[in-house]
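Containing compact mmCIF, C-alpha atoms: target.txt.
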# COMPACT_ATOMS: atom_id res chain seq x y z
CA MET A 1 26.88 -62.83 49.86
CA LYS A 2 24.80 -61.57 52.78
CA GLY A 3 22.04 -59.01 52.50
CA LYS A 4 18.42 -58.28 53.28
CA VAL A 5 15.06 -59.05 51.73
CA ALA A 6 11.60 -57.72 52.57
CA THR A 7 8.99 -60.09 53.90
CA ALA A 8 5.36 -59.63 54.91
CA ASN A 9 2.03 -61.42 55.00
CA ARG A 10 -0.41 -61.13 52.12
CA LEU A 11 -3.47 -59.35 53.46
CA ARG A 12 -6.11 -61.59 51.85
CA GLU A 13 -4.73 -65.05 52.57
CA GLY A 14 -2.18 -64.38 55.29
CA ASP A 15 0.50 -66.14 53.24
CA ILE A 16 4.15 -65.34 53.90
CA VAL A 17 5.54 -63.41 50.93
CA TYR A 18 8.80 -61.81 49.79
CA LEU A 19 9.23 -58.66 47.70
CA THR A 20 10.74 -59.23 44.26
CA GLU A 21 12.88 -56.72 42.39
CA GLY A 22 9.96 -56.20 40.00
CA GLY A 23 7.77 -55.04 42.88
CA GLU A 24 5.58 -58.13 43.09
CA TRP A 25 5.19 -60.36 46.14
CA SER A 26 6.18 -64.03 45.86
CA ALA A 27 5.61 -66.91 48.26
CA ASN A 28 9.07 -68.22 47.33
CA LEU A 29 12.10 -66.81 49.16
CA GLN A 30 14.22 -67.63 46.10
CA ASP A 31 12.34 -64.94 44.13
CA ALA A 32 13.15 -62.22 46.68
CA TRP A 33 15.05 -59.05 45.84
CA LEU A 34 18.37 -59.34 47.69
CA VAL A 35 19.89 -56.02 48.72
CA SER A 36 23.35 -55.72 50.20
CA GLY A 37 24.21 -52.29 51.47
CA ASP A 38 21.67 -49.46 51.64
CA ASP A 39 18.21 -51.01 52.13
CA THR A 40 16.25 -47.72 52.11
CA GLU A 41 14.56 -48.34 48.75
CA LEU A 42 13.73 -51.93 49.68
CA MET A 43 11.91 -50.88 52.85
CA ALA A 44 10.23 -47.96 51.04
CA ARG A 45 8.73 -50.33 48.46
CA ALA A 46 7.58 -52.72 51.18
CA SER A 47 6.01 -49.87 53.15
CA LYS A 48 4.22 -48.62 50.02
CA ALA A 49 2.67 -52.07 49.55
CA GLU A 50 1.42 -51.88 53.15
CA GLU A 51 -0.17 -48.49 52.43
CA LEU A 52 -1.91 -50.01 49.40
CA ARG A 53 -3.16 -52.85 51.64
CA ASP A 54 -1.48 -55.55 49.56
CA VAL A 55 0.46 -56.86 52.56
CA VAL A 56 0.70 -56.36 56.31
CA ALA A 57 3.59 -56.37 58.78
CA ALA A 58 6.39 -55.83 56.26
CA TYR A 59 9.93 -55.97 57.61
CA LEU A 60 13.45 -56.79 56.50
CA ILE A 61 15.23 -60.05 57.22
CA GLU A 62 18.87 -61.01 56.86
CA VAL A 63 19.68 -63.68 54.30
CA GLU A 64 22.74 -65.21 52.73
CA ARG A 65 23.22 -66.54 49.21
CA VAL A 66 24.62 -70.07 49.41
CA GLY A 67 25.31 -71.30 45.90
CA ASP A 68 22.15 -70.47 43.97
CA ASP A 69 19.90 -70.38 47.04
CA LEU A 70 18.86 -67.64 49.43
CA CYS A 71 18.88 -68.83 53.04
CA ALA A 72 17.41 -66.91 55.96
CA LEU A 73 19.93 -66.42 58.74
CA SER A 74 17.56 -66.63 61.71
CA GLN A 75 15.88 -69.85 62.77
CA ARG A 76 12.50 -68.10 62.89
CA GLU A 77 12.78 -66.96 59.27
CA ARG A 78 14.02 -70.36 58.09
CA ILE A 79 10.87 -71.89 59.60
CA ARG A 80 8.65 -69.21 57.99
CA ALA A 81 10.30 -69.80 54.59
CA ALA A 82 9.84 -73.58 54.83
CA GLY A 83 6.10 -73.30 55.42
CA PRO A 84 3.78 -74.53 58.15
CA THR A 85 5.07 -77.00 60.69
CA VAL A 86 3.04 -79.96 61.84
Show this structure as C-alpha cells.
Amino acid sequence: MKGKVATANRLREGDIVYLTEGGEWSANLQDAWLVSGDDTELMARASKAEELRDVVAAYLIEVERVGDDLCALSQRERIRAAGPTV
C-alpha cells in the first residue's frame, strides 16, 4: 500500500522525525502515521507542531508498505530514514 507520512526536523536536536498517529514525533519511520488518500489532516497536524515550535520544515513524503515495513519511495528520503552517511 502506498501513502504519505509527515516528516520534519526536531527543533532542539535537528533530528529527523516522523509524525505518529498519536500526534507524537518519532525518529523511526516505522512508527509513522501512514495516510492513503486525503492527507489534509496529516499536514494540518504537522503544521500545528511547527507553530508550537516542536519541529521545523514539516512536509509530506511518499512511502510504500512492503510487508511490515514502511519504505520511502525517493532516494533522498531513504537516505534520511537510514541516518547519517559517512
Q: Point out the residue among A:Asp31, A:Gly22, A:Thr40, A:Asp54 with the least atom-to-atom distance to Arg10 (chain A), counting only C-alpha atoms.
A: A:Asp54
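Comparing the minimum interatomic distances between Gly83 (chain A) and each of A:Leu29, A:Leu11, A:Val56, A:Val63, counting all atoms listed in the file, we find that A:Leu29 sits nearest.
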Residue neighbourhood Ala27 (chain A), 12 Å, all atoms listed in the file, exclusion window fewer than 6 positions, as a tab-separated table (two decimals) with C-alpha atoms, in the coordinates of the input:
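New file selection_8.tsv:
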chain	number	residue	atom	x	y	z
A	6	ALA	CA	11.60	-57.72	52.57
A	7	THR	CA	8.99	-60.09	53.90
A	8	ALA	CA	5.36	-59.63	54.91
A	9	ASN	CA	2.03	-61.42	55.00
A	10	ARG	CA	-0.41	-61.13	52.12
A	13	GLU	CA	-4.73	-65.05	52.57
A	14	GLY	CA	-2.18	-64.38	55.29
A	15	ASP	CA	0.50	-66.14	53.24
A	16	ILE	CA	4.15	-65.34	53.90
A	17	VAL	CA	5.54	-63.41	50.93
A	18	TYR	CA	8.80	-61.81	49.79
A	19	LEU	CA	9.23	-58.66	47.70
A	20	THR	CA	10.74	-59.23	44.26
A	80	ARG	CA	8.65	-69.21	57.99
A	81	ALA	CA	10.30	-69.80	54.59
A	82	ALA	CA	9.84	-73.58	54.83
A	83	GLY	CA	6.10	-73.30	55.42
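With only C-alpha atoms as the atoms that count, the minimum distance from Asp39 (chain A) to the choices A:Met1, A:Ile61, A:Ile79, A:Leu73 is reached by A:Ile61.
With all atoms listed in the file as the atoms that count, the minimum distance from Asp38 (chain A) to the choices A:Ala72, A:Val5, A:Val86, A:Leu52 is reached by A:Val5.
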Q | Shell of 12 Å around Glu41 (chain A), only C-alpha atoms, local chain residues under 2 positions omitted, as a VMD selection string | A | chain A and resid 4 to 6 19 21 23 33 to 39 43 to 48 60
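Between CA of Trp25 (chain A) and CA of Arg76 (chain A) lies a distance of 19.8 Å.
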Q) Nearest to Val66 (chain A) among A:Pro84, A:Glu50, A:Arg12, A:Gln30, with distances taken over all atoms listed in the file: which residue is it? A) A:Gln30
